[in-house]
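Participant: So I've got this file, target-v1.cif, and it contains mmCIF, C-alpha atoms:
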```cif
data_input
loop_
_atom_site.group_PDB
_atom_site.id
_atom_site.type_symbol
_atom_site.label_atom_id
_atom_site.label_comp_id
_atom_site.auth_asym_id
_atom_site.auth_seq_id
_atom_site.Cartn_x
_atom_site.Cartn_y
_atom_site.Cartn_z
ATOM 1 C CA MET M 165 209.999 -179.780 -60.417
ATOM 2 C CA THR M 166 213.642 -179.220 -59.534
ATOM 3 C CA MET M 167 215.162 -177.135 -56.765
ATOM 4 C CA ASP M 168 216.068 -174.617 -59.491
ATOM 5 C CA ALA M 169 212.346 -174.293 -60.189
ATOM 6 C CA ALA M 170 211.691 -173.751 -56.480
ATOM 7 C CA GLY M 171 214.200 -170.900 -56.420
ATOM 8 C CA TYR M 172 212.763 -169.442 -59.597
ATOM 9 C CA TYR M 173 209.235 -169.378 -58.184
ATOM 10 C CA ALA M 174 210.444 -167.956 -54.873
ATOM 11 C CA HIS M 175 212.203 -165.114 -56.678
ATOM 12 C CA LEU M 176 209.330 -164.438 -59.091
ATOM 13 C CA THR M 177 206.570 -164.502 -56.454
ATOM 14 C CA PRO M 178 206.092 -160.684 -56.358
ATOM 15 C CA GLN M 179 205.675 -160.566 -60.144
ATOM 16 C CA TYR M 180 203.236 -163.482 -60.191
ATOM 17 C CA ARG M 181 201.199 -161.931 -57.377
ATOM 18 C CA HIS M 182 201.025 -158.625 -59.239
ATOM 19 C CA TYR M 183 199.893 -160.429 -62.397
ATOM 20 C CA GLY M 184 197.173 -162.440 -60.622
ATOM 21 C CA GLY M 185 195.822 -159.544 -58.604
ATOM 22 C CA ARG M 186 192.691 -160.272 -56.612
ATOM 23 C CA THR M 187 192.228 -163.672 -58.338
ATOM 24 C CA HIS M 188 195.667 -164.893 -57.190
ATOM 25 C CA GLY M 189 195.863 -166.771 -60.480
ATOM 26 C CA TRP M 190 199.333 -167.497 -61.836
ATOM 27 C CA HIS M 191 198.277 -168.756 -65.260
ATOM 28 C CA TYR M 192 196.989 -167.762 -68.688
ATOM 29 C CA GLY M 193 193.384 -166.609 -68.655
ATOM 30 C CA ILE M 194 190.706 -168.351 -70.715
ATOM 31 C CA TRP M 195 188.757 -165.923 -72.922
ATOM 32 C CA GLU M 196 185.366 -167.352 -73.752
ATOM 33 C CA PRO M 197 182.700 -165.159 -75.447
ATOM 34 C CA ASP M 198 181.283 -163.807 -72.168
ATOM 35 C CA VAL M 199 184.661 -162.997 -70.601
ATOM 36 C CA GLU M 200 185.404 -159.272 -70.562
ATOM 37 C CA THR M 201 188.428 -158.676 -68.300
ATOM 38 C CA HIS M 202 191.811 -160.187 -67.491
ATOM 39 C CA HIS M 203 190.673 -161.143 -64.000
ATOM 40 C CA ASP M 204 187.517 -162.765 -65.365
ATOM 41 C CA ALA M 205 189.692 -164.790 -67.746
ATOM 42 C CA LEU M 206 191.845 -165.993 -64.848
ATOM 43 C CA ARG M 207 188.731 -167.069 -62.934
ATOM 44 C CA ARG M 208 187.374 -168.811 -66.027
ATOM 45 C CA SER M 209 190.442 -171.057 -65.961
ATOM 46 C CA ASN M 210 189.428 -172.182 -62.452
ATOM 47 C CA GLU M 211 185.870 -172.763 -63.594
ATOM 48 C CA LEU M 212 186.928 -174.785 -66.626
ATOM 49 C CA LEU M 213 188.981 -177.146 -64.484
ATOM 50 C CA LEU M 214 185.846 -178.161 -62.565
ATOM 51 C CA ARG M 215 183.189 -177.589 -65.218
ATOM 52 C CA GLY M 216 180.547 -180.301 -65.348
ATOM 53 C CA LEU M 217 181.692 -182.025 -62.161
ATOM 54 C CA ASN M 218 179.413 -182.537 -59.188
ATOM 55 C CA ILE M 219 181.405 -180.672 -56.549
ATOM 56 C CA THR M 220 180.031 -180.937 -52.995
ATOM 57 C CA PRO M 221 181.453 -180.314 -49.503
ATOM 58 C CA ALA M 222 182.486 -183.977 -49.518
ATOM 59 C CA THR M 223 184.584 -183.602 -52.690
ATOM 60 C CA ARG M 224 188.319 -183.970 -52.123
ATOM 61 C CA ILE M 225 190.490 -182.038 -54.594
ATOM 62 C CA LEU M 226 194.254 -182.110 -55.046
ATOM 63 C CA ASP M 227 195.759 -178.970 -56.606
ATOM 64 C CA VAL M 228 199.230 -179.858 -57.902
ATOM 65 C CA GLY M 229 201.482 -176.802 -57.946
ATOM 66 C CA CYS M 230 199.142 -174.575 -55.958
ATOM 67 C CA GLY M 231 201.133 -171.328 -55.965
ATOM 68 C CA GLU M 232 199.697 -168.944 -53.378
ATOM 69 C CA GLY M 233 196.471 -170.932 -53.198
ATOM 70 C CA GLY M 234 194.274 -169.029 -55.641
ATOM 71 C CA PHE M 235 192.509 -172.055 -57.126
ATOM 72 C CA ALA M 236 192.257 -173.907 -53.802
ATOM 73 C CA VAL M 237 190.688 -170.968 -51.975
ATOM 74 C CA TRP M 238 188.324 -170.302 -54.882
ATOM 75 C CA ALA M 239 187.158 -173.944 -54.963
ATOM 76 C CA ALA M 240 186.714 -174.044 -51.191
ATOM 77 C CA SER M 241 184.925 -170.698 -50.858
ATOM 78 C CA ARG M 242 182.753 -170.869 -53.995
ATOM 79 C CA LEU M 243 182.007 -174.591 -54.159
ATOM 80 C CA GLY M 244 182.617 -175.829 -50.624
ATOM 81 C CA ALA M 245 185.155 -178.490 -51.641
ATOM 82 C CA SER M 246 187.997 -179.697 -49.445
ATOM 83 C CA VAL M 247 191.248 -178.865 -51.227
ATOM 84 C CA THR M 248 194.832 -179.975 -50.667
ATOM 85 C CA GLY M 249 197.452 -177.893 -52.453
ATOM 86 C CA ILE M 250 201.044 -178.984 -52.911
ATOM 87 C CA THR M 251 204.064 -176.895 -53.883
ATOM 88 C CA ILE M 252 207.846 -177.139 -53.714
ATOM 89 C CA CYS M 253 208.104 -173.562 -52.384
ATOM 90 C CA ARG M 254 207.807 -173.351 -48.612
ATOM 91 C CA ASP M 255 207.090 -169.615 -48.804
ATOM 92 C CA HIS M 256 204.046 -170.338 -50.945
ATOM 93 C CA VAL M 257 202.555 -172.558 -48.256
ATOM 94 C CA ALA M 258 202.547 -169.609 -45.871
ATOM 95 C CA LEU M 259 201.019 -167.316 -48.504
ATOM 96 C CA ALA M 260 198.308 -169.860 -49.308
ATOM 97 C CA GLU M 261 197.472 -170.430 -45.650
ATOM 98 C CA ARG M 262 197.068 -166.692 -45.114
ATOM 99 C CA LEU M 263 194.833 -166.425 -48.177
ATOM 100 C CA ALA M 264 192.647 -169.305 -46.961
ATOM 101 C CA ALA M 265 192.354 -167.700 -43.524
ATOM 102 C CA LYS M 266 191.456 -164.342 -45.080
ATOM 103 C CA HIS M 267 188.579 -165.989 -46.977
ATOM 104 C CA ALA M 268 187.475 -168.029 -43.937
ATOM 105 C CA VAL M 269 188.175 -171.413 -45.571
ATOM 106 C CA ALA M 270 191.258 -172.458 -43.599
ATOM 107 C CA SER M 271 189.369 -175.505 -42.331
ATOM 108 C CA LYS M 272 188.671 -176.563 -45.933
ATOM 109 C CA CYS M 273 192.214 -176.076 -47.265
ATOM 110 C CA ARG M 274 195.497 -177.794 -46.556
ATOM 111 C CA PHE M 275 198.832 -176.789 -48.101
ATOM 112 C CA LEU M 276 201.934 -178.959 -48.129
ATOM 113 C CA VAL M 277 205.497 -178.879 -49.413
ATOM 114 C CA MET M 278 205.653 -181.909 -51.697
ATOM 115 C CA HIS M 279 207.224 -182.905 -55.005
ATOM 116 C CA MET M 280 204.644 -183.652 -57.679
ATOM 117 C CA GLU M 281 206.411 -186.824 -58.794
ATOM 118 C CA GLN M 282 206.463 -188.168 -55.228
ATOM 119 C CA LEU M 283 202.840 -187.917 -54.142
ATOM 120 C CA ALA M 284 202.799 -189.029 -50.500
ATOM 121 C CA PHE M 285 199.078 -189.732 -50.286
ATOM 122 C CA ARG M 286 197.305 -193.016 -49.817
ATOM 123 C CA ALA M 287 195.711 -194.695 -52.816
ATOM 124 C CA ASP M 288 192.179 -193.741 -53.892
ATOM 125 C CA HIS M 289 192.293 -190.596 -51.747
ATOM 126 C CA PHE M 290 191.105 -187.783 -54.072
ATOM 127 C CA ASP M 291 187.991 -187.288 -56.175
ATOM 128 C CA VAL M 292 189.599 -184.682 -58.434
ATOM 129 C CA VAL M 293 193.213 -183.799 -59.260
ATOM 130 C CA VAL M 294 193.973 -180.578 -61.136
ATOM 131 C CA ASN M 295 197.073 -179.254 -62.852
ATOM 132 C CA GLN M 296 196.974 -175.590 -63.790
ATOM 133 C CA GLU M 297 200.056 -175.151 -66.012
ATOM 134 C CA THR M 298 202.015 -177.569 -63.827
ATOM 135 C CA ALA M 299 201.854 -181.031 -65.444
ATOM 136 C CA CYS M 300 204.573 -179.838 -67.829
ATOM 137 C CA TYR M 301 206.928 -179.652 -64.830
ATOM 138 C CA ALA M 302 206.955 -183.425 -64.444
ATOM 139 C CA LYS M 303 210.272 -184.749 -65.690
ATOM 140 C CA ASP M 304 208.797 -188.217 -66.281
ATOM 141 C CA LYS M 305 205.260 -187.374 -67.334
ATOM 142 C CA GLY M 306 204.142 -190.988 -67.679
ATOM 143 C CA ARG M 307 205.292 -191.780 -64.168
ATOM 144 C CA TYR M 308 203.566 -188.666 -62.858
ATOM 145 C CA LEU M 309 200.274 -189.655 -64.485
ATOM 146 C CA ALA M 310 200.578 -193.126 -63.002
ATOM 147 C CA GLY M 311 200.900 -191.408 -59.618
ATOM 148 C CA ILE M 312 197.766 -189.409 -60.343
ATOM 149 C CA ARG M 313 195.883 -192.598 -61.150
ATOM 150 C CA ARG M 314 197.025 -194.136 -57.867
ATOM 151 C CA VAL M 315 195.780 -191.276 -55.673
ATOM 152 C CA LEU M 316 192.469 -190.853 -57.530
ATOM 153 C CA ALA M 317 189.458 -192.708 -56.206
ATOM 154 C CA PRO M 318 187.743 -195.002 -58.746
ATOM 155 C CA GLY M 319 185.714 -192.741 -61.004
ATOM 156 C CA GLY M 320 187.836 -189.762 -59.947
ATOM 157 C CA VAL M 321 188.836 -187.165 -62.542
ATOM 158 C CA TRP M 322 192.126 -185.557 -63.562
ATOM 159 C CA ARG M 323 191.892 -182.150 -65.247
ATOM 160 C CA SER M 324 194.817 -180.266 -66.765
ATOM 161 C CA LEU M 325 195.356 -176.911 -68.444
ATOM 162 C CA ASP M 326 198.907 -176.783 -69.679
ATOM 163 C CA PHE M 327 201.661 -175.429 -71.873
ATOM 164 C CA SER M 328 202.153 -177.568 -74.952
ATOM 165 C CA ILE M 329 203.822 -177.569 -78.349
ATOM 166 C CA GLN M 330 202.989 -178.595 -81.879
ATOM 167 C CA SER M 331 203.488 -182.192 -82.944
ATOM 168 C CA GLY M 332 206.403 -183.171 -85.143
ATOM 169 C CA GLU M 333 209.668 -181.437 -85.909
ATOM 170 C CA LEU M 334 209.952 -177.778 -84.974
ATOM 171 C CA PRO M 335 210.467 -175.193 -87.729
ATOM 172 C CA ALA M 336 213.970 -173.830 -88.234
ATOM 173 C CA GLY M 337 214.944 -171.479 -85.428
ATOM 174 C CA VAL M 338 212.048 -172.412 -83.158
ATOM 175 C CA ASP M 339 214.150 -174.950 -81.282
ATOM 176 C CA ARG M 340 216.065 -172.051 -79.715
ATOM 177 C CA HIS M 341 212.797 -170.408 -78.669
ATOM 178 C CA TYR M 342 211.669 -173.738 -77.225
ATOM 179 C CA ARG M 343 214.816 -173.903 -75.117
ATOM 180 C CA ASP M 344 214.308 -170.294 -73.985
ATOM 181 C CA VAL M 345 210.798 -171.207 -72.800
ATOM 182 C CA CYS M 346 211.882 -174.356 -70.979
ATOM 183 C CA ASP M 347 214.981 -172.770 -69.440
ATOM 184 C CA GLY M 348 213.257 -169.544 -68.442
ATOM 185 C CA PHE M 349 210.272 -171.252 -66.826
ATOM 186 C CA HIS M 350 212.428 -174.165 -65.547
ATOM 187 C CA ILE M 351 210.252 -176.696 -67.373
ATOM 188 C CA PRO M 352 211.920 -180.033 -68.249
ATOM 189 C CA SER M 353 209.997 -180.406 -71.522
ATOM 190 C CA LEU M 354 206.760 -179.610 -73.327
ATOM 191 C CA ALA M 355 204.679 -182.445 -74.751
ATOM 192 C CA PRO M 356 202.249 -182.279 -77.695
ATOM 193 C CA LEU M 357 198.618 -182.858 -76.799
ATOM 194 C CA GLN M 358 198.541 -186.279 -78.443
ATOM 195 C CA THR M 359 201.548 -187.382 -76.416
ATOM 196 C CA VAL M 360 199.823 -186.401 -73.171
ATOM 197 C CA VAL M 361 196.727 -188.314 -74.254
ATOM 198 C CA GLU M 362 198.819 -191.409 -74.985
ATOM 199 C CA LEU M 363 200.693 -191.127 -71.685
ATOM 200 C CA ALA M 364 197.440 -190.749 -69.755
ATOM 201 C CA ALA M 365 196.002 -193.834 -71.448
ATOM 202 C CA GLY M 366 199.235 -195.693 -70.802
ATOM 203 C CA ALA M 367 198.956 -194.794 -67.110
ATOM 204 C CA GLY M 368 195.512 -196.421 -66.992
ATOM 205 C CA LEU M 369 193.340 -193.315 -67.246
ATOM 206 C CA ASP M 370 190.328 -193.074 -69.544
ATOM 207 C CA VAL M 371 190.712 -189.862 -71.547
ATOM 208 C CA LEU M 372 187.342 -188.105 -71.740
ATOM 209 C CA GLU M 373 188.339 -184.925 -73.565
ATOM 210 C CA ALA M 374 191.461 -183.424 -75.096
ATOM 211 C CA SER M 375 191.280 -179.938 -76.615
ATOM 212 C CA ASP M 376 193.574 -177.300 -78.066
ATOM 213 C CA LEU M 377 192.544 -174.054 -76.323
ATOM 214 C CA THR M 378 195.197 -171.876 -77.937
ATOM 215 C CA PRO M 379 192.674 -169.434 -79.502
ATOM 216 C CA ALA M 380 191.081 -168.900 -76.066
ATOM 217 C CA VAL M 381 194.340 -167.663 -74.503
ATOM 218 C CA LEU M 382 195.534 -165.393 -77.313
ATOM 219 C CA PRO M 383 194.213 -162.213 -75.618
ATOM 220 C CA THR M 384 196.221 -163.153 -72.520
ATOM 221 C CA ALA M 385 199.250 -163.867 -74.697
ATOM 222 C CA ALA M 386 198.993 -160.401 -76.237
ATOM 223 C CA THR M 387 198.801 -158.796 -72.779
ATOM 224 C CA ILE M 388 201.820 -160.725 -71.515
ATOM 225 C CA ARG M 389 203.833 -159.921 -74.640
ATOM 226 C CA ARG M 390 203.169 -156.196 -74.152
ATOM 227 C CA GLN M 391 204.210 -156.425 -70.499
ATOM 228 C CA CYS M 392 207.519 -157.963 -71.588
ATOM 229 C CA TYR M 393 208.433 -155.150 -73.970
ATOM 230 C CA LEU M 394 210.058 -152.653 -71.584
ATOM 231 C CA PRO M 395 211.983 -155.281 -69.557
ATOM 232 C CA LEU M 396 213.381 -156.706 -72.821
ATOM 233 C CA VAL M 397 214.442 -153.235 -73.958
ATOM 234 C CA ALA M 398 216.105 -152.632 -70.570
ATOM 235 C CA ARG M 399 217.965 -155.917 -70.956
ATOM 236 C CA THR M 400 219.189 -154.944 -74.439
ATOM 237 C CA LEU M 401 220.477 -151.641 -73.029
ATOM 238 C CA ARG M 402 222.085 -153.491 -70.076
ATOM 239 C CA LEU M 403 219.932 -151.526 -67.669
ATOM 240 C CA ASP M 404 217.785 -154.383 -66.424
ATOM 241 C CA TRP M 405 219.684 -154.546 -63.127
ATOM 242 C CA THR M 406 217.869 -151.333 -62.197
ATOM 243 C CA VAL M 407 214.525 -153.086 -62.751
ATOM 244 C CA TYR M 408 215.205 -156.665 -61.682
ATOM 245 C CA SER M 409 217.716 -156.880 -58.866
ATOM 246 C CA ARG M 410 221.389 -156.425 -58.097
ATOM 247 C CA ASP M 411 221.470 -160.037 -56.947
ATOM 248 C CA PRO M 412 222.834 -162.097 -59.899
ATOM 249 C CA LEU M 413 220.616 -165.155 -59.339
ATOM 250 C CA ARG M 414 217.425 -163.130 -58.921
ATOM 251 C CA ARG M 415 218.321 -161.142 -62.026
ATOM 252 C CA ARG M 416 218.964 -164.351 -64.005
ATOM 253 C CA HIS M 417 215.609 -165.781 -62.936
ATOM 254 C CA ARG M 418 213.807 -162.568 -63.839
ATOM 255 C CA ARG M 419 215.548 -162.296 -67.213
ATOM 256 C CA GLY M 420 214.765 -165.903 -68.043
ATOM 257 C CA HIS M 421 211.146 -165.472 -67.013
ATOM 258 C CA ILE M 422 210.594 -162.413 -69.198
ATOM 259 C CA LEU M 423 212.221 -164.024 -72.217
ATOM 260 C CA ALA M 424 210.266 -167.263 -71.734
ATOM 261 C CA ALA M 425 206.966 -165.407 -71.318
ATOM 262 C CA HIS M 426 207.600 -163.426 -74.495
ATOM 263 C CA ARG M 427 208.730 -166.458 -76.515
ATOM 264 C CA TYR M 428 205.818 -168.624 -75.407
ATOM 265 C CA SER M 429 203.217 -165.905 -75.986
ATOM 266 C CA ARG M 430 204.611 -165.108 -79.430
ATOM 267 C CA GLY M 431 204.761 -168.823 -80.201
ATOM 268 C CA LEU M 432 201.084 -169.183 -79.293
ATOM 269 C CA GLU M 433 200.238 -166.432 -81.753
ATOM 270 C CA ARG M 434 202.280 -168.129 -84.473
ATOM 271 C CA GLY M 435 200.819 -171.568 -83.790
ATOM 272 C CA VAL M 436 204.056 -173.251 -82.734
ATOM 273 C CA PHE M 437 203.324 -173.424 -79.036
ATOM 274 C CA ARG M 438 199.947 -174.609 -77.820
ATOM 275 C CA TYR M 439 197.712 -174.318 -74.769
ATOM 276 C CA THR M 440 195.810 -177.515 -74.040
ATOM 277 C CA TYR M 441 193.101 -179.050 -71.890
ATOM 278 C CA VAL M 442 192.811 -182.709 -70.913
ATOM 279 C CA SER M 443 190.160 -184.435 -68.834
ATOM 280 C CA ALA M 444 190.608 -188.074 -67.855
ATOM 281 C CA ARG M 445 189.060 -190.474 -65.386
ATOM 282 C CA LYS M 446 190.256 -193.354 -63.282
ATOM 283 C CA PRO M 447 188.124 -196.314 -64.367
ATOM 284 C CA VAL M 448 185.585 -197.907 -62.111
ATOM 285 C CA ARG M 449 186.037 -201.636 -62.313
ATOM 286 C CA GLY M 450 183.656 -203.126 -64.850
ATOM 287 C CA GLN M 451 182.463 -199.729 -66.091
ATOM 288 C CA ALA M 452 183.132 -198.474 -69.613
ATOM 289 C CA VAL M 453 183.809 -194.892 -70.667
ATOM 290 C CA PRO M 454 180.492 -193.207 -71.629
#
```
Please lay out the structure from this file as structure tokens.

Facilitator:
Amino acid sequence: MTMDAAGYYAHLTPQYRHYGGRTHGWHYGIWEPDVETHHDALRRSNELLLRGLNITPATRILDVGCGEGGFAVWAASRLGASVTGITICRDHVALAERLAAKHAVASKCRFLVMHMEQLAFRADHFDVVVNQETACYAKDKGRYLAGIRRVLAPGGVWRSLDFSIQSGELPAGVDRHYRDVCDGFHIPSLAPLQTVVELAAGAGLDVLEASDLTPAVLPTAATIRRQCYLPLVARTLRLDWTVYSRDPLRRRHRRGHILAAHRYSRGLERGVFRYTYVSARKPVRGQAVP
């Protein structure tokens, strides 16, 4: 992530907190057949990231791009894991620490200001590393995944839910929408699922599963698109300063965010943008992938 991204997230924190509500989830919700509400869908994203893993109080998890600590506090309070969350926003560290204290898991959670492409942890330190819509923020995604492999213990697992895009050349006109998404969310680039799989393998990770979950987030996409309608109308009428802020930078961040959220959600519905899941493991020497 860049410093521009840090400023963007600092300015958009109130909106993200409103969106996440009591789940404190700043991501698209996963709608499986038994999910009935927006908040349940946000929690299901947390559950999917750790599904099938043997999580115990001894499990050490790294949450890359932790926001206000929603996933970390959930994993610590529900599953007893020890979780380290990293973010480039200093204000988010304070929010996450308060959330952990509120849920009586401060001793199980640690939050640090750290750049995701400069992981300052010793080798073989974590059992699980998760990215919840944050791997896309790596400028050099192959280098980032190599860093993940380094900090994972042998047999440790990397799980990612992320923004993605279709393979191949984009249809006419979609390239502008792609730039709106990247610029508005301050994402360097989006990678197709197959590219992420190849980069993970190139970094020395054994890819266990790679799935396109776009259909499972379409209800969330529809909700987000509806929430963008009035702000986009206000922008067209040049009245968005009354809604966003009189500060030019805050207003630019808010405008970019709304446009990116609308473009990405619409692109999911049209099949151009994708929402993907990847699970990979650091090999244990002499052990093959099952």

Participant: Quick one: apply the PyMOL selection byres ((chain M and resi 370) around 10) to the file and drop the selected residues here as a PDB file with C-alpha atoms, in the frame of the given file.

Facilitator:
```
ATOM      1  CA  GLY M 319     185.714-192.741 -61.004  1.00  0.00           C
ATOM      2  CA  VAL M 321     188.836-187.165 -62.542  1.00  0.00           C
ATOM      3  CA  TRP M 322     192.126-185.557 -63.562  1.00  0.00           C
ATOM      4  CA  VAL M 361     196.727-188.314 -74.254  1.00  0.00           C
ATOM      5  CA  ALA M 364     197.440-190.749 -69.755  1.00  0.00           C
ATOM      6  CA  ALA M 365     196.002-193.834 -71.448  1.00  0.00           C
ATOM      7  CA  GLY M 366     199.235-195.693 -70.802  1.00  0.00           C
ATOM      8  CA  ALA M 367     198.956-194.794 -67.110  1.00  0.00           C
ATOM      9  CA  GLY M 368     195.512-196.421 -66.992  1.00  0.00           C
ATOM     10  CA  LEU M 369     193.340-193.315 -67.246  1.00  0.00           C
ATOM     11  CA  VAL M 371     190.712-189.862 -71.547  1.00  0.00           C
ATOM     12  CA  LEU M 372     187.342-188.105 -71.740  1.00  0.00           C
ATOM     13  CA  GLU M 373     188.339-184.925 -73.565  1.00  0.00           C
ATOM     14  CA  SER M 443     190.160-184.435 -68.834  1.00  0.00           C
ATOM     15  CA  ALA M 444     190.608-188.074 -67.855  1.00  0.00           C
ATOM     16  CA  ARG M 445     189.060-190.474 -65.386  1.00  0.00           C
ATOM     17  CA  LYS M 446     190.256-193.354 -63.282  1.00  0.00           C
ATOM     18  CA  PRO M 447     188.124-196.314 -64.367  1.00  0.00           C
ATOM     19  CA  ALA M 452     183.132-198.474 -69.613  1.00  0.00           C
ATOM     20  CA  VAL M 453     183.809-194.892 -70.667  1.00  0.00           C
TER      21      VAL M 453
END
```

Participant: Can you spell out as a ChimeraX atom specification the set of residues that the PyMOL selection byres ((chain M and resi 229) around 8) selects in the structure I just provided?

Facilitator: /M:227-228,230-231,249-252,280,295-296,298

Participant: Just the residues within 10 Å of Trp238 (chain M), please, counting only C-alpha atoms, with nothing from its chain fewer than 3 positions along; format it as a PyMOL selection string.

Facilitator: chain M and resi 187-188+207+210-211+233-235+241-245+247+264+267+269

Participant: Please measure the separation of CA of Asp339 (chain M) and CA of Ile422 (chain M), giving the value in Å to one decimal.

Facilitator: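 Going from CA of Asp339 (chain M) over to CA of Ile422 (chain M) covers 17.8 Å.
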
Participant: One number please: CA of Trp195 (chain M) to CA of Ala385 (chain M), in Å, one decimal.

Facilitator: 10.8 Å

Participant: Could you tell me, as a PyMOL selection string, which residues have any atom at most 8 Å from (195.7, -171.3, -48.9), counting only C-alpha atoms?

Facilitator: chain M and resi 232-234+236-237+249+257-265+270+273-275

Participant: Kindly extract all protein, DNA and RNA residues lying within 12 Å of the coordinates (188.5, -178.0, -79.3) given in the file, considering all atoms listed in the file, and supply them as a list of chain:residue names.

Facilitator: M:Leu357, M:Glu373, M:Ala374, M:Ser375, M:Asp376, M:Leu377, M:Thr378, M:Pro379, M:Ala380, M:Tyr439, M:Thr440, M:Tyr441, M:Val442

Participant: Point out the residue among M:Val436, M:Ala287, M:Val360, M:Met278 with the least atom-to-atom distance to Glu333 (chain M), counting all atoms listed in the file.

Facilitator: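 Among the listed residues, M:Val436 lies closest to Glu333 (chain M).
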
Participant: Can you give me, as number ranges by chain, the residues this file yields under the PyMOL selection byres ((chain M and resi 177-181) around 12)?

Facilitator: M: 169-176, 182-192, 231-234, 253-256, 259-260, 388, 391-392, 407-408, 414, 417-418, 421-422, 425

Participant: What separation in Å, quoted to one decimal, exists between CA of Leu413 (chain M) and CA of Arg399 (chain M)?

Facilitator: 15.1 Å

Participant: Smallest atom-to-atom distance to Asp344 (chain M): which of M:Ala205, M:Glu433, M:Ala424, M:Val199, using all atoms listed in the file?

Facilitator: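 Looking only at the distances to Asp344 (chain M), the closest residue turns out to be M:Ala424.
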
Participant: Kindly write C-alpha atoms of region 234-283 of chain M from the structure just given to a file, as a PDB file, in the first residue's frame.

Facilitator:
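Once everything was written out, this is decode-v1.pdb:
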```
ATOM      1  CA  GLY M 234     -12.856  -7.033  13.075  1.00  0.00           C
ATOM      2  CA  PHE M 235     -11.387 -10.320  11.843  1.00  0.00           C
ATOM      3  CA  ALA M 236      -8.639 -10.421  14.485  1.00  0.00           C
ATOM      4  CA  VAL M 237     -11.035  -9.890  17.385  1.00  0.00           C
ATOM      5  CA  TRP M 238     -13.489 -12.415  15.942  1.00  0.00           C
ATOM      6  CA  ALA M 239     -10.765 -15.074  15.570  1.00  0.00           C
ATOM      7  CA  ALA M 240      -9.431 -14.415  19.066  1.00  0.00           C
ATOM      8  CA  SER M 241     -12.807 -14.312  20.825  1.00  0.00           C
ATOM      9  CA  ARG M 242     -14.558 -17.121  18.918  1.00  0.00           C
ATOM     10  CA  LEU M 243     -11.652 -19.485  18.280  1.00  0.00           C
ATOM     11  CA  GLY M 244      -9.065 -18.520  20.883  1.00  0.00           C
ATOM     12  CA  ALA M 245      -6.281 -17.875  18.355  1.00  0.00           C
ATOM     13  CA  SER M 246      -3.460 -15.395  18.855  1.00  0.00           C
ATOM     14  CA  VAL M 247      -3.739 -12.783  16.109  1.00  0.00           C
ATOM     15  CA  THR M 248      -1.357 -10.101  14.875  1.00  0.00           C
ATOM     16  CA  GLY M 249      -2.932  -7.457  12.658  1.00  0.00           C
ATOM     17  CA  ILE M 250      -0.941  -5.050  10.526  1.00  0.00           C
ATOM     18  CA  THR M 251      -2.084  -1.832   8.863  1.00  0.00           C
ATOM     19  CA  ILE M 252      -0.529   1.299   7.387  1.00  0.00           C
ATOM     20  CA  CYS M 253      -3.043   3.519   9.228  1.00  0.00           C
ATOM     21  CA  ARG M 254      -1.928   4.443  12.730  1.00  0.00           C
ATOM     22  CA  ASP M 255      -5.473   5.477  13.664  1.00  0.00           C
ATOM     23  CA  HIS M 256      -6.672   1.967  12.881  1.00  0.00           C
ATOM     24  CA  VAL M 257      -4.261   0.471  15.397  1.00  0.00           C
ATOM     25  CA  ALA M 258      -5.931   2.484  18.146  1.00  0.00           C
ATOM     26  CA  LEU M 259      -9.407   1.480  16.948  1.00  0.00           C
ATOM     27  CA  ALA M 260      -8.424  -2.192  16.815  1.00  0.00           C
ATOM     28  CA  GLU M 261      -6.858  -2.109  20.271  1.00  0.00           C
ATOM     29  CA  ARG M 262     -10.029  -0.602  21.720  1.00  0.00           C
ATOM     30  CA  LEU M 263     -12.152  -3.245  20.000  1.00  0.00           C
ATOM     31  CA  ALA M 264      -9.951  -6.047  21.361  1.00  0.00           C
ATOM     32  CA  ALA M 265     -10.165  -4.584  24.866  1.00  0.00           C
ATOM     33  CA  LYS M 266     -13.951  -4.264  24.589  1.00  0.00           C
ATOM     34  CA  HIS M 267     -14.203  -7.983  23.753  1.00  0.00           C
ATOM     35  CA  ALA M 268     -11.687  -8.970  26.457  1.00  0.00           C
ATOM     36  CA  VAL M 269      -9.129 -10.381  23.992  1.00  0.00           C
ATOM     37  CA  ALA M 270      -6.449  -7.687  24.228  1.00  0.00           C
ATOM     38  CA  SER M 271      -3.984 -10.300  25.476  1.00  0.00           C
ATOM     39  CA  LYS M 272      -4.641 -12.400  22.354  1.00  0.00           C
ATOM     40  CA  CYS M 273      -4.355  -9.570  19.810  1.00  0.00           C
ATOM     41  CA  ARG M 274      -1.495  -7.374  18.702  1.00  0.00           C
ATOM     42  CA  PHE M 275      -1.806  -4.545  16.168  1.00  0.00           C
ATOM     43  CA  LEU M 276       1.111  -2.918  14.386  1.00  0.00           C
ATOM     44  CA  VAL M 277       1.773  -0.242  11.789  1.00  0.00           C
ATOM     45  CA  MET M 278       3.599  -2.138   9.051  1.00  0.00           C
ATOM     46  CA  HIS M 279       3.767  -2.210   5.261  1.00  0.00           C
ATOM     47  CA  MET M 280       2.548  -5.492   3.808  1.00  0.00           C
ATOM     48  CA  GLU M 281       5.477  -5.757   1.405  1.00  0.00           C
ATOM     49  CA  GLN M 282       7.979  -5.302   4.244  1.00  0.00           C
ATOM     50  CA  LEU M 283       6.936  -7.936   6.763  1.00  0.00           C
TER      51      LEU M 283
END
```
